[in-house]
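Chemist: The structure file final-v3.cif (mmCIF, C-alpha atoms and all ligand atoms) is provided below.
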data_input
loop_
_atom_site.label_atom_id
_atom_site.label_comp_id
_atom_site.auth_asym_id
_atom_site.auth_seq_id
_atom_site.Cartn_x
_atom_site.Cartn_y
_atom_site.Cartn_z
CA MET W 1 -70.20 104.13 -31.67
CA ILE W 2 -69.23 106.64 -29.01
CA GLU W 3 -65.48 106.65 -28.53
CA VAL W 4 -64.07 106.69 -25.04
CA ALA W 5 -61.56 109.29 -23.97
CA LYS W 6 -57.94 108.53 -24.86
CA ARG W 7 -57.06 108.46 -21.15
CA LEU W 8 -59.14 105.33 -20.75
CA HIS W 9 -56.66 103.46 -22.94
CA THR W 10 -53.93 104.20 -20.40
CA VAL W 11 -55.46 102.06 -17.66
CA GLU W 12 -57.03 98.66 -17.21
CA GLU W 13 -59.75 97.49 -14.87
CA TYR W 14 -58.27 97.08 -11.37
CA TYR W 15 -56.74 93.59 -10.90
CA PHE W 16 -58.95 92.75 -7.91
CA SER W 17 -62.07 93.88 -9.71
CA LYS W 18 -61.32 91.30 -12.46
CA LYS W 19 -59.86 88.52 -10.33
CA LEU W 20 -62.61 88.67 -7.71
CA ARG W 21 -65.14 88.09 -10.51
CA GLU W 22 -63.26 84.90 -11.37
CA VAL W 23 -63.11 83.91 -7.68
CA GLY W 24 -66.85 84.76 -7.40
CA LEU W 25 -67.63 82.35 -10.27
CA LEU W 26 -65.67 79.60 -8.51
CA ILE W 27 -67.66 80.24 -5.32
CA ALA W 28 -70.94 80.24 -7.27
CA SER W 29 -70.00 76.86 -8.75
CA GLY W 30 -69.73 75.48 -5.18
CA LYS W 31 -65.94 75.68 -4.64
CA PRO W 32 -65.08 76.42 -0.97
CA ILE W 33 -62.74 79.33 -1.72
CA ILE W 34 -60.67 80.88 1.07
CA ASN W 35 -59.90 84.47 0.12
CA LEU W 36 -56.56 85.67 1.45
CA GLY W 37 -56.21 88.16 -1.37
CA ILE W 38 -57.70 91.48 -0.47
CA GLY W 39 -56.98 93.61 2.59
CA SER W 40 -60.53 94.39 3.67
CA PRO W 41 -60.72 94.17 7.48
CA ASP W 42 -63.28 91.59 8.62
CA LEU W 43 -63.17 92.78 12.26
CA GLN W 44 -65.73 95.23 13.60
CA PRO W 45 -65.11 98.94 14.24
CA PRO W 46 -65.33 100.17 17.85
CA GLN W 47 -68.94 99.95 19.13
CA LYS W 48 -69.06 103.67 19.91
CA VAL W 49 -68.44 104.36 16.21
CA VAL W 50 -71.50 102.33 15.25
CA ASP W 51 -73.50 104.03 18.05
CA ALA W 52 -72.48 107.48 16.74
CA ILE W 53 -73.68 106.84 13.18
CA THR W 54 -76.89 105.27 14.49
CA ALA W 55 -77.59 108.29 16.72
CA SER W 56 -76.91 110.65 13.81
CA PHE W 57 -79.85 109.39 11.75
CA ASN W 58 -82.36 111.31 13.83
CA ASN W 59 -80.45 114.57 13.67
CA PRO W 60 -82.16 116.82 11.11
CA VAL W 61 -78.83 118.20 9.83
CA ALA W 62 -77.60 114.67 9.05
CA HIS W 63 -79.31 114.54 5.69
CA LYS W 64 -78.18 117.89 4.35
CA TYR W 65 -75.13 118.65 2.25
CA GLN W 66 -72.07 118.81 4.49
CA SER W 67 -69.10 121.16 4.56
CA TYR W 68 -66.48 120.66 1.82
CA GLN W 69 -63.82 120.73 4.52
CA GLY W 70 -65.61 118.38 6.90
CA LEU W 71 -66.97 119.16 10.34
CA PRO W 72 -64.58 121.30 12.44
CA GLU W 73 -65.01 118.61 15.11
CA LEU W 74 -63.67 115.98 12.69
CA ARG W 75 -60.64 118.09 11.75
CA GLU W 76 -59.99 118.73 15.47
CA ALA W 77 -60.14 114.97 16.11
CA MET W 78 -57.72 114.31 13.21
CA SER W 79 -55.34 116.96 14.52
CA ALA W 80 -55.46 115.48 18.07
CA PHE W 81 -54.87 112.01 16.61
CA TYR W 82 -51.69 113.22 14.86
CA LYS W 83 -50.51 114.92 18.06
CA ASN W 84 -51.19 111.87 20.26
CA HIS W 85 -49.83 109.16 18.02
CA PHE W 86 -47.14 110.87 15.91
CA SER W 87 -46.27 113.97 18.01
CA VAL W 88 -47.02 116.05 14.91
CA SER W 89 -48.82 119.42 15.12
CA VAL W 90 -51.25 120.15 12.30
CA ASN W 91 -53.61 123.09 12.38
CA ALA W 92 -57.18 121.79 12.29
CA ALA W 93 -58.33 124.99 10.56
CA ASN W 94 -56.25 124.74 7.41
CA GLU W 95 -53.67 121.93 7.44
CA ILE W 96 -56.05 118.94 7.25
CA LEU W 97 -58.61 117.91 4.66
CA PRO W 98 -60.87 114.94 5.41
CA LEU W 99 -61.22 112.58 2.45
CA MET W 100 -63.54 109.77 1.48
CA GLY W 101 -60.74 107.24 1.94
CA SER W 102 -57.11 107.96 1.17
CA LYS W 103 -57.48 106.44 -2.33
CA GLU W 104 -59.39 109.45 -3.64
CA GLY W 105 -56.64 111.69 -2.27
CA ILE W 106 -54.23 110.14 -4.76
CA MET W 107 -56.39 111.49 -7.59
CA HIS W 108 -56.99 114.89 -5.96
CA ILE W 109 -53.29 115.48 -5.29
CA SER W 110 -52.40 114.40 -8.83
CA MET W 111 -55.03 116.70 -10.34
CA ALA W 112 -53.85 119.59 -8.19
CA TYR W 113 -50.15 119.26 -9.04
CA LEU W 114 -49.54 117.40 -12.29
CA ASN W 115 -49.54 118.73 -15.81
CA GLU W 116 -49.42 116.50 -18.86
CA GLY W 117 -45.92 115.14 -19.28
CA ASP W 118 -44.78 115.86 -15.71
CA GLU W 119 -42.87 112.95 -14.22
CA VAL W 120 -43.86 111.12 -11.06
CA LEU W 121 -41.66 108.76 -9.04
CA ILE W 122 -43.59 105.59 -8.22
CA PRO W 123 -42.43 102.68 -6.04
CA ASN W 124 -41.98 99.24 -7.63
CA PRO W 125 -43.41 97.22 -5.93
CA GLY W 126 -46.18 99.56 -4.81
CA TYR W 127 -49.90 100.28 -4.62
CA PRO W 128 -51.10 100.13 -8.27
CA THR W 129 -53.28 103.27 -7.94
CA TYR W 130 -50.23 105.60 -7.99
CA GLN W 131 -49.43 104.47 -11.53
CA SER W 132 -52.98 104.36 -12.88
CA VAL W 133 -53.89 107.81 -11.53
CA THR W 134 -50.64 109.24 -12.93
CA GLN W 135 -51.62 107.89 -16.34
CA LEU W 136 -55.21 109.11 -16.08
CA VAL W 137 -54.03 112.69 -15.54
CA GLY W 138 -51.62 112.44 -18.48
CA ALA W 139 -48.43 112.51 -16.42
CA LYS W 140 -45.57 110.03 -16.77
CA GLY W 141 -44.80 107.42 -14.11
CA VAL W 142 -41.09 106.79 -13.50
CA LEU W 143 -40.72 103.62 -11.46
CA TYR W 144 -38.08 103.41 -8.75
CA ASN W 145 -37.10 99.91 -7.72
CA LEU W 146 -37.29 98.70 -4.14
CA ASP W 147 -35.68 95.43 -3.12
CA ALA W 148 -35.26 93.20 -0.10
CA ALA W 149 -31.49 93.87 0.05
CA ASN W 150 -32.22 97.55 0.83
CA ASN W 151 -35.18 96.63 3.09
CA TRP W 152 -37.53 97.98 0.39
CA MET W 153 -36.35 101.58 0.98
CA PRO W 154 -35.73 103.98 -1.94
CA ASN W 155 -32.13 104.25 -3.06
CA LEU W 156 -31.86 108.04 -3.36
CA GLU W 157 -28.24 107.89 -4.54
CA VAL W 158 -29.29 105.87 -7.56
CA LEU W 159 -32.25 108.22 -8.16
CA GLU W 160 -29.98 111.27 -8.07
CA LYS W 161 -27.95 109.86 -10.95
CA GLN W 162 -31.10 110.15 -13.10
CA ASP W 163 -32.38 113.35 -14.70
CA LEU W 164 -34.94 114.56 -12.17
CA SER W 165 -35.64 117.91 -13.80
CA ASN W 166 -39.17 116.93 -14.94
CA VAL W 167 -40.09 115.13 -11.71
CA LYS W 168 -42.81 116.96 -9.82
CA LEU W 169 -44.07 114.42 -7.32
CA MET W 170 -42.86 111.25 -5.57
CA TRP W 171 -45.14 108.66 -3.97
CA VAL W 172 -43.75 106.94 -0.91
CA ASN W 173 -45.70 104.53 1.26
CA TYR W 174 -44.20 103.71 4.65
CA PRO W 175 -45.00 101.40 6.32
CA HIS W 176 -44.85 99.87 2.88
CA MET W 177 -47.55 97.88 1.19
CA PRO W 178 -47.11 95.08 0.06
CA THR W 179 -43.81 94.30 1.81
CA GLY W 180 -44.53 95.60 5.35
CA ALA W 181 -41.16 97.41 5.52
CA ALA W 182 -41.27 100.08 8.24
CA PRO W 183 -39.50 103.44 7.84
CA THR W 184 -36.70 104.76 10.03
CA GLU W 185 -36.39 108.41 11.02
CA THR W 186 -33.30 108.61 8.84
CA VAL W 187 -35.18 107.45 5.74
CA PHE W 188 -37.87 110.09 6.29
CA LYS W 189 -35.22 112.80 6.88
CA GLU W 190 -33.41 111.82 3.69
CA LEU W 191 -36.65 111.89 1.72
CA VAL W 192 -37.51 115.38 2.97
CA ALA W 193 -34.01 116.62 2.08
CA PHE W 194 -34.30 114.96 -1.35
CA GLY W 195 -37.66 116.70 -1.96
CA LYS W 196 -36.15 120.06 -1.02
CA ARG W 197 -33.02 119.58 -3.15
CA HIS W 198 -35.01 118.76 -6.27
CA ASN W 199 -38.24 120.70 -5.61
CA ILE W 200 -40.29 117.51 -5.62
CA LEU W 201 -43.54 117.10 -3.68
CA ILE W 202 -43.08 114.00 -1.51
CA VAL W 203 -46.36 112.31 -0.56
CA ASN W 204 -46.27 109.61 2.10
CA ASP W 205 -49.26 107.32 1.96
CA ASN W 206 -49.55 106.08 5.54
CA PRO W 207 -52.62 103.87 6.07
CA TYR W 208 -50.83 100.95 7.75
CA SER W 209 -49.07 102.65 10.68
CA PHE W 210 -51.09 100.99 13.40
CA VAL W 211 -51.23 97.39 12.26
CA LEU W 212 -48.58 95.15 13.86
CA ASN W 213 -46.25 98.12 14.12
CA ASP W 214 -44.87 99.16 17.52
CA ASN W 215 -43.51 102.43 16.27
CA PRO W 216 -45.94 104.48 14.14
CA LYS W 217 -44.17 107.31 12.29
CA SER W 218 -45.24 110.24 10.15
CA ILE W 219 -43.05 111.94 7.56
CA LEU W 220 -44.46 115.23 8.89
CA SER W 221 -42.49 114.72 12.13
CA VAL W 222 -39.29 115.68 10.26
CA ASP W 223 -38.34 119.35 10.79
CA GLY W 224 -39.40 121.43 7.78
CA ALA W 225 -41.28 118.51 6.18
CA LYS W 226 -44.41 120.56 5.55
CA GLU W 227 -42.54 122.66 2.95
CA VAL W 228 -42.38 119.75 0.51
CA CYS W 229 -44.41 116.89 1.98
CA LEU W 230 -47.98 115.76 2.26
CA GLU W 231 -49.23 112.75 4.16
CA LEU W 232 -52.29 110.62 3.51
CA ASN W 233 -53.86 108.64 6.30
CA SER W 234 -56.96 106.51 6.65
CA LEU W 235 -59.37 104.96 9.13
CA SER W 236 -59.88 101.94 6.88
CA LYS W 237 -57.34 99.60 8.44
CA THR W 238 -56.71 101.38 11.75
CA PHE W 239 -60.34 101.16 12.88
CA ASN W 240 -61.79 98.44 10.59
CA MET W 241 -63.78 101.06 8.68
CA ALA W 242 -62.76 100.39 5.06
CA GLY W 243 -66.36 100.57 3.80
CA TRP W 244 -67.02 103.85 5.59
CA ARG W 245 -64.53 105.66 3.35
CA VAL W 246 -62.76 108.03 5.72
CA GLY W 247 -59.25 109.28 5.17
CA MET W 248 -57.33 112.53 5.39
CA VAL W 249 -54.58 114.53 3.76
CA LEU W 250 -52.29 116.64 5.91
CA GLY W 251 -49.74 119.29 4.98
CA ASN W 252 -49.21 123.02 4.83
CA SER W 253 -52.20 125.29 4.28
CA GLY W 254 -51.14 126.22 0.73
CA HIS W 255 -51.05 122.58 -0.38
CA ILE W 256 -54.30 121.79 1.39
CA SER W 257 -56.13 124.69 -0.23
CA ASN W 258 -54.89 123.58 -3.67
CA ILE W 259 -56.26 120.09 -3.06
CA LEU W 260 -59.55 121.56 -1.79
CA LYS W 261 -59.89 123.45 -5.08
CA VAL W 262 -60.04 120.08 -6.87
CA LYS W 263 -62.03 118.16 -4.28
CA SER W 264 -64.72 120.80 -3.76
CA ASN W 265 -65.49 120.51 -7.47
CA MET W 266 -65.89 116.74 -7.27
CA ASP W 267 -68.09 115.98 -4.26
CA SER W 268 -70.35 117.81 -1.86
CA GLY W 269 -69.17 116.69 1.54
CA MET W 270 -69.08 113.49 3.58
CA PHE W 271 -72.23 112.08 5.22
CA TYR W 272 -72.70 113.62 8.68
CA GLY W 273 -73.10 110.29 10.50
CA ILE W 274 -69.85 108.96 9.01
CA GLN W 275 -68.03 112.05 10.24
CA LYS W 276 -69.53 111.62 13.74
CA GLY W 277 -68.45 107.97 13.76
CA ALA W 278 -64.96 108.90 12.57
CA VAL W 279 -64.62 111.41 15.43
CA GLU W 280 -65.37 108.63 17.93
CA ALA W 281 -62.87 106.28 16.28
CA LEU W 282 -60.09 108.86 16.35
CA LYS W 283 -60.64 109.36 20.07
CA CYS W 284 -59.95 105.67 20.89
CA SER W 285 -57.24 105.05 23.46
CA LYS W 286 -54.08 103.03 22.75
CA MET W 287 -55.92 99.97 24.15
CA TRP W 288 -57.82 99.78 20.86
CA PHE W 289 -54.57 99.09 19.00
CA VAL W 290 -53.39 96.57 21.62
CA THR W 291 -56.60 94.56 21.24
CA LEU W 292 -56.63 94.83 17.44
CA ASN W 293 -53.01 93.76 17.15
CA SER W 294 -53.41 90.80 19.48
CA VAL W 295 -55.89 89.40 16.93
CA TYR W 296 -53.62 90.17 13.95
CA LYS W 297 -50.64 88.65 15.75
CA ARG W 298 -52.41 85.29 16.22
CA ARG W 299 -53.44 85.37 12.59
CA ARG W 300 -49.95 86.27 11.40
CA ASP W 301 -48.47 83.27 13.28
CA LEU W 302 -50.85 81.05 11.31
CA VAL W 303 -50.11 82.77 8.00
CA TRP W 304 -46.40 82.22 8.65
CA GLN W 305 -47.19 78.50 9.05
CA LEU W 306 -49.19 78.58 5.82
CA ALA W 307 -46.33 80.31 4.00
CA GLU W 308 -43.91 77.67 5.27
CA ALA W 309 -46.26 74.89 4.17
CA LEU W 310 -46.09 76.47 0.68
CA ASN W 311 -42.25 76.50 0.90
CA CYS W 312 -42.10 80.29 1.06
CA THR W 313 -39.81 82.47 3.18
CA TYR W 314 -40.73 85.78 4.83
CA ASP W 315 -39.38 88.54 7.08
CA LYS W 316 -40.52 88.30 10.70
CA ASN W 317 -39.76 92.01 11.26
CA ALA W 318 -42.27 93.19 8.65
CA THR W 319 -45.30 95.22 9.81
CA GLY W 320 -48.83 95.67 8.48
CA MET W 321 -51.88 93.70 7.49
CA PHE W 322 -50.16 91.37 5.04
CA VAL W 323 -47.42 88.76 4.92
CA TRP W 324 -45.12 89.26 1.93
CA ALA W 325 -43.57 85.91 1.13
CA LYS W 326 -40.84 84.85 -1.27
CA LEU W 327 -41.42 81.81 -3.46
CA PRO W 328 -38.74 79.20 -4.12
CA ALA W 329 -36.42 80.65 -6.78
CA TYR W 330 -37.78 78.88 -9.86
CA LEU W 331 -41.47 79.79 -9.36
CA LYS W 332 -43.47 82.63 -10.95
CA SER W 333 -46.04 84.49 -8.82
CA GLU W 334 -49.09 84.36 -11.09
CA GLU W 335 -48.61 80.71 -12.08
CA PHE W 336 -48.13 79.82 -8.42
CA ILE W 337 -51.29 81.55 -7.16
CA ASP W 338 -53.34 79.99 -9.96
CA VAL W 339 -52.16 76.51 -8.93
CA VAL W 340 -53.00 77.18 -5.26
CA LEU W 341 -56.40 78.57 -6.29
CA LYS W 342 -57.13 75.50 -8.41
CA GLU W 343 -55.75 72.81 -6.13
CA ASN W 344 -56.30 74.21 -2.64
CA HIS W 345 -59.07 76.71 -3.35
CA ILE W 346 -57.09 79.44 -1.62
CA PHE W 347 -56.80 82.86 -3.27
CA ILE W 348 -53.52 84.68 -2.61
CA THR W 349 -52.35 87.87 -4.33
CA PRO W 350 -49.46 87.53 -6.80
CA GLY W 351 -46.64 89.99 -6.10
CA THR W 352 -46.55 91.05 -9.75
CA ILE W 353 -49.71 93.15 -9.46
CA PHE W 354 -47.56 95.57 -7.45
CA GLY W 355 -44.94 95.80 -10.21
CA SER W 356 -42.14 93.77 -11.77
CA GLN W 357 -40.16 93.83 -8.49
CA GLY W 358 -42.95 91.72 -7.02
CA GLU W 359 -42.11 88.78 -9.30
CA GLY W 360 -41.26 85.75 -7.19
CA TYR W 361 -43.36 86.97 -4.26
CA ILE W 362 -46.94 86.48 -3.05
CA ARG W 363 -48.98 88.50 -0.55
CA PHE W 364 -51.24 86.95 2.10
CA SER W 365 -53.90 89.10 3.77
CA LEU W 366 -54.48 88.81 7.52
CA CYS W 367 -58.19 89.59 7.05
CA ALA W 368 -59.38 86.05 7.77
CA SER W 369 -60.25 84.35 11.06
CA THR W 370 -57.93 81.87 12.79
CA GLU W 371 -60.42 79.08 11.95
CA ILE W 372 -60.21 79.91 8.25
CA LEU W 373 -56.42 80.12 8.38
CA GLU W 374 -56.23 76.74 10.15
CA GLU W 375 -58.41 75.28 7.40
CA ALA W 376 -56.06 76.79 4.78
CA ILE W 377 -53.02 75.22 6.48
CA ALA W 378 -54.79 71.85 6.67
CA ARG W 379 -55.61 71.99 2.95
CA VAL W 380 -52.02 72.69 1.96
CA LYS W 381 -50.54 70.12 4.29
C1 LIG K 401 -50.98 101.62 0.12
C2 LIG K 401 -52.42 101.94 0.14
N1 LIG K 401 -52.80 103.22 0.03
C3 LIG K 401 -54.09 103.58 0.05
C4 LIG K 401 -55.08 102.63 0.16
C5 LIG K 401 -56.50 103.10 0.12
O1 LIG K 401 -57.09 103.05 1.37
P1 LIG K 401 -58.44 103.82 1.68
O2 LIG K 401 -58.89 104.51 0.46
O3 LIG K 401 -59.39 102.76 2.12
O4 LIG K 401 -58.10 104.78 2.77
C6 LIG K 401 -54.75 101.28 0.26
C7 LIG K 401 -55.82 100.28 0.35
O5 LIG K 401 -55.70 99.13 0.18
C8 LIG K 401 -53.38 100.94 0.26
O6 LIG K 401 -53.00 99.65 0.36
#
Please render this file's structure as structure tokens.

Modeler:
Amino acid sequence: MIEVAKRLHTVEEYYFSKKLREVGLLIASGKPIINLGIGSPDLQPPQKVVDAITASFNNPVAHKYQSYQGLPELREAMSAFYKNHFSVSVNAANEILPLMGSKEGIMHISMAYLNEGDEVLIPNPGYPTYQSVTQLVGAKGVLYNLDAANNWMPNLEVLEKQDLSNVKLMWVNYPHMPTGAAPTETVFKELVAFGKRHNILIVNDNPYSFVLNDNPKSILSVDGAKEVCLELNSLSKTFNMAGWRVGMVLGNSGHISNILKVKSNMDSGMFYGIQKGAVEALKCSKMWFVTLNSVYKRRRDLVWQLAEALNCTYDKNATGMFVWAKLPAYLKSEEFIDVVLKENHIFITPGTIFGSQGEGYIRFSLCASTEILEEAIARVK
């Protein structure tokens, strides 16, 4: 019997990996399941992105190992994207590292900065990967609670009453998943100041800026942010390219070279054609977002109707690719979604997978067509 590493006992298989197997069995047994669980865009990327990868196949360099830092052209495109959409200057030579999706960046950053026993501030509710990666590297997650009363923003006053001396890193994710809460400039400024006061690396995970959000913001737009902040971004949701695996981490050159030390030991570059496609995506005009969001807006109107049919309430000001809905007071998230799965054959994500603060909430994905959403409403009604 070969024993697994102790770190494997600190994590469990990802919720969706398990639950989608269950949903898959229901589908295989003939049940007409509507999946509103996972946020995997069903819309197509821009055509020129597909044309760019197709054209790349006949380029002899396409099949070779690629640069650890990505094509200079890709870093230039990422830098121009940050300038155009966030008014943030990042040096393409040394302040950007392309990633295979922002998810892997969570591991690289953690491996670059965390020692065993270091503490990490993690949002509750929040993306589960922050906690699992923290555990895999032997650090200690310290949850900070977010709640509707504070519009899901961190309460730094409360945090400062805690002993922060072992805290090395803080994950923030604005616009926030799962709640859709959008940041204000003040919140970002306060976070930067907090990071400086306590010598904590603040990492904003920012993959949802362009979905149903009129005012995309980057934490790097705050004066002096690069001293203590990194930002992750991604093409997954912005350009419907989740399966392509393209993301980026941005920050000062010292931080980026530390992350490169880890990453260059883990992979050997991103496929050339994917990089060429990503360059085309990043060059899209603002019209791309207008068109994308007109589709998501129609879908969100229907999901609001579905939420109401299920007696849930929600915040119409929330942004992003999900609707975060509150259940009637006496109901529990996981029991509720199991009943809806069994009776209506609709899969919705229970809020509890994002932490205890998600109890009493469910999350609907907008990655389903209007026809499917109308069918879901009809089933519930
Ligand atoms: C908050 C958050 N961060 C990061 C990711 C990872 O995105 P990707 O690796 O596709 O860029 C997701 C994906 O669902 C997410 O919800």

Chemist: Check the smallest atom-to-atom distance from each of W:Ala77, W:Leu156, W:Met266, W:Met111 to W:Phe188 using all atoms listed in the file, then report the winner.

Modeler: W:Leu156

Chemist: Which is closer to ligand LIG 401 (chain K) than all the others in W:Glu231, W:Asp301, W:Asp338, W:Glu375, using all atoms listed in the file?

Modeler: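 Looking only at the distances to ligand LIG 401 (chain K), the closest residue turns out to be W:Glu231.
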
Chemist: Excluding same-chain residues fewer than 4 positions from stretch 4-11 of chain W, what lies within 8 Å of it counting only C-alpha atoms, as a CSV table (one decimal) with C-alpha atoms, in the coordinates of the input?

Modeler:
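Output contents, as saved in out39.csv:
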chain,number,residue,atom,x,y,z
W,132,SER,CA,-53.0,104.4,-12.9
W,135,GLN,CA,-51.6,107.9,-16.3
W,136,LEU,CA,-55.2,109.1,-16.1
W,137,VAL,CA,-54.0,112.7,-15.5
W,138,GLY,CA,-51.6,112.4,-18.5

Chemist: Between W:Arg363, W:Arg245, W:Lys286, W:Arg379, which one has atoms that come closest to ligand LIG 401 (chain K), using only C-alpha atoms and all ligand atoms?

Modeler: W:Arg245

Chemist: What is the distance between atom CA of W:Ser253 and atom C1 of ligand LIG 401 (chain K), in Å to one decimal?

Modeler: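 Taking atom CA of W:Ser253 as the start and atom C1 of ligand LIG 401 (chain K) as the end point, the length is 24.1 Å.
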
Chemist: Ligand LIG 401 (chain K): which residues are within 9 Å, counting only C-alpha atoms and all ligand atoms, as a PyMOL selection string?

Modeler: chain W and resi 38-40+99-106+126-130+173-178+205-208+232-237+241-248

Chemist: For the residues selected in the previous step, produce a file with C-alpha atoms as a short mmCIF file (atom, residue, chain, number, x, y, z; two decimals), keeping the file's coordinate frame.

Modeler:
data_model
loop_
_atom_site.label_atom_id
_atom_site.label_comp_id
_atom_site.auth_asym_id
_atom_site.auth_seq_id
_atom_site.Cartn_x
_atom_site.Cartn_y
_atom_site.Cartn_z
CA ILE W 38 -57.70 91.48 -0.47
CA GLY W 39 -56.98 93.61 2.59
CA SER W 40 -60.53 94.39 3.67
CA LEU W 99 -61.22 112.58 2.45
CA MET W 100 -63.54 109.77 1.48
CA GLY W 101 -60.74 107.24 1.94
CA SER W 102 -57.11 107.96 1.17
CA LYS W 103 -57.48 106.44 -2.33
CA GLU W 104 -59.39 109.45 -3.64
CA GLY W 105 -56.64 111.69 -2.27
CA ILE W 106 -54.23 110.14 -4.76
CA GLY W 126 -46.18 99.56 -4.81
CA TYR W 127 -49.90 100.28 -4.62
CA PRO W 128 -51.10 100.13 -8.27
CA THR W 129 -53.28 103.27 -7.94
CA TYR W 130 -50.23 105.60 -7.99
CA ASN W 173 -45.70 104.53 1.26
CA TYR W 174 -44.20 103.71 4.65
CA PRO W 175 -45.00 101.40 6.32
CA HIS W 176 -44.85 99.87 2.88
CA MET W 177 -47.55 97.88 1.19
CA PRO W 178 -47.11 95.08 0.06
CA ASP W 205 -49.26 107.32 1.96
CA ASN W 206 -49.55 106.08 5.54
CA PRO W 207 -52.62 103.87 6.07
CA TYR W 208 -50.83 100.95 7.75
CA LEU W 232 -52.29 110.62 3.51
CA ASN W 233 -53.86 108.64 6.30
CA SER W 234 -56.96 106.51 6.65
CA LEU W 235 -59.37 104.96 9.13
CA SER W 236 -59.88 101.94 6.88
CA LYS W 237 -57.34 99.60 8.44
CA MET W 241 -63.78 101.06 8.68
CA ALA W 242 -62.76 100.39 5.06
CA GLY W 243 -66.36 100.57 3.80
CA TRP W 244 -67.02 103.85 5.59
CA ARG W 245 -64.53 105.66 3.35
CA VAL W 246 -62.76 108.03 5.72
CA GLY W 247 -59.25 109.28 5.17
CA MET W 248 -57.33 112.53 5.39
#

Chemist: Write out as number ranges by chain each polymer residue whose atoms come within 12 Å of W:Lys83, counting only C-alpha atoms; drop sequence neighbours fewer than 5 positions from it.

Modeler: W: 76-78, 88-92, 217-218, 220-221, 282-283

Chemist: For the selection just defined, write its residues with C-alpha atoms to a file, as an mmCIF file, in the frame of the given file.

Modeler:
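Okay, this is what ended up in result.cif:
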data_model
loop_
_atom_site.group_PDB
_atom_site.id
_atom_site.type_symbol
_atom_site.label_atom_id
_atom_site.label_comp_id
_atom_site.auth_asym_id
_atom_site.auth_seq_id
_atom_site.Cartn_x
_atom_site.Cartn_y
_atom_site.Cartn_z
ATOM 1 C CA GLU W 76 -59.990 118.730 15.470
ATOM 2 C CA ALA W 77 -60.140 114.970 16.110
ATOM 3 C CA MET W 78 -57.720 114.310 13.210
ATOM 4 C CA VAL W 88 -47.020 116.050 14.910
ATOM 5 C CA SER W 89 -48.820 119.420 15.120
ATOM 6 C CA VAL W 90 -51.250 120.150 12.300
ATOM 7 C CA ASN W 91 -53.610 123.090 12.380
ATOM 8 C CA ALA W 92 -57.180 121.790 12.290
ATOM 9 C CA LYS W 217 -44.170 107.310 12.290
ATOM 10 C CA SER W 218 -45.240 110.240 10.150
ATOM 11 C CA LEU W 220 -44.460 115.230 8.890
ATOM 12 C CA SER W 221 -42.490 114.720 12.130
ATOM 13 C CA LEU W 282 -60.090 108.860 16.350
ATOM 14 C CA LYS W 283 -60.640 109.360 20.070
#

Chemist: Show me the residues around (-62.6, 118.5, 4.7) - criterion: an atom at most 7 Å away, only C-alpha atoms counted - as a VMD selection string.

Modeler: chain W and resid 68 to 70 97 to 99

Chemist: Taking a cut-off of 9 Å and counting only C-alpha atoms, can you build a table that, for each residue of stretch 201-264 of chain W near stretch 162-169 of chain W, reports the nearest atom pair and how far apart they are in Å (one decimal), sorted by chain then residue number, as a tab-separated table?

Modeler:
residue	atom	partner	partner_atom	distance
W:Leu201	CA	W:Leu169	CA	4.6
W:Ile202	CA	W:Leu169	CA	5.9
W:Val203	CA	W:Leu169	CA	7.4

Chemist: With distances taken over all atoms listed in the file, which of W:Leu366, W:Val187, W:Leu74, W:Val49 is nearest to W:Arg299?

Modeler: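 Among W:Leu366, W:Val187, W:Leu74, W:Val49, it is W:Leu366 that comes nearest to W:Arg299.
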
Chemist: Could you work out how far atom CA of W:Leu212 lies from atom CA of W:Val295, giving the answer in Å with one decimal?

Modeler: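 Atom CA of W:Val295 sits 9.8 Å away from atom CA of W:Leu212.
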
Chemist: If we count only C-alpha atoms, what is near W:Val303 at a cut-off of 12 Å, once residues fewer than 3 positions away on the same chain are taken out, given as a PyMOL selection string?

Modeler: chain W and resi 36+296-300+306-310+312-314+316+321-325+348+363-378+380

Chemist: Please measure the separation of atom CA of W:Ser87 and atom CA of W:Pro183, giving the value in Å to one decimal.

Modeler: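 These two atoms are separated by 16.1 Å.
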
Chemist: I want to know what sits within 10 Å of W:Gln44, based on all atoms listed in the file, with residues of the same chain fewer than 3 positions away left out; could you give that as JSON, numbers by chain?

Modeler: {"W": [41, 47, 49, 50, 239, 240, 241, 292]}

Chemist: Extract, using only C-alpha atoms, all DNA, RNA and protein residues at most 9 Å from W:Tyr144, discarding same-chain residues fewer than 4 positions from it, and format them as a list in words.

Modeler: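 Here the qualifying residues turn out to be Leu121, Ile122, Pro123, Asn124, Pro125, Pro154, Asn155 and Leu159 of chain W.
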
Chemist: Which residue, W:Tyr113, W:Tyr272, W:Phe354, W:Trp304, has the smallest gap to W:His63 when you use only C-alpha atoms?

Modeler: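 Checking each candidate against W:His63, we get W:Tyr272 as the closest.
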
Chemist: At a cut-off of 7 Å from (-51.0, 112.8, -10.6) in the coordinates of the file, what residues are picked up using all atoms listed in the file, written as a ChimeraX atom specification?

Modeler: /W:107,109-111,113-114,133-134,137,139
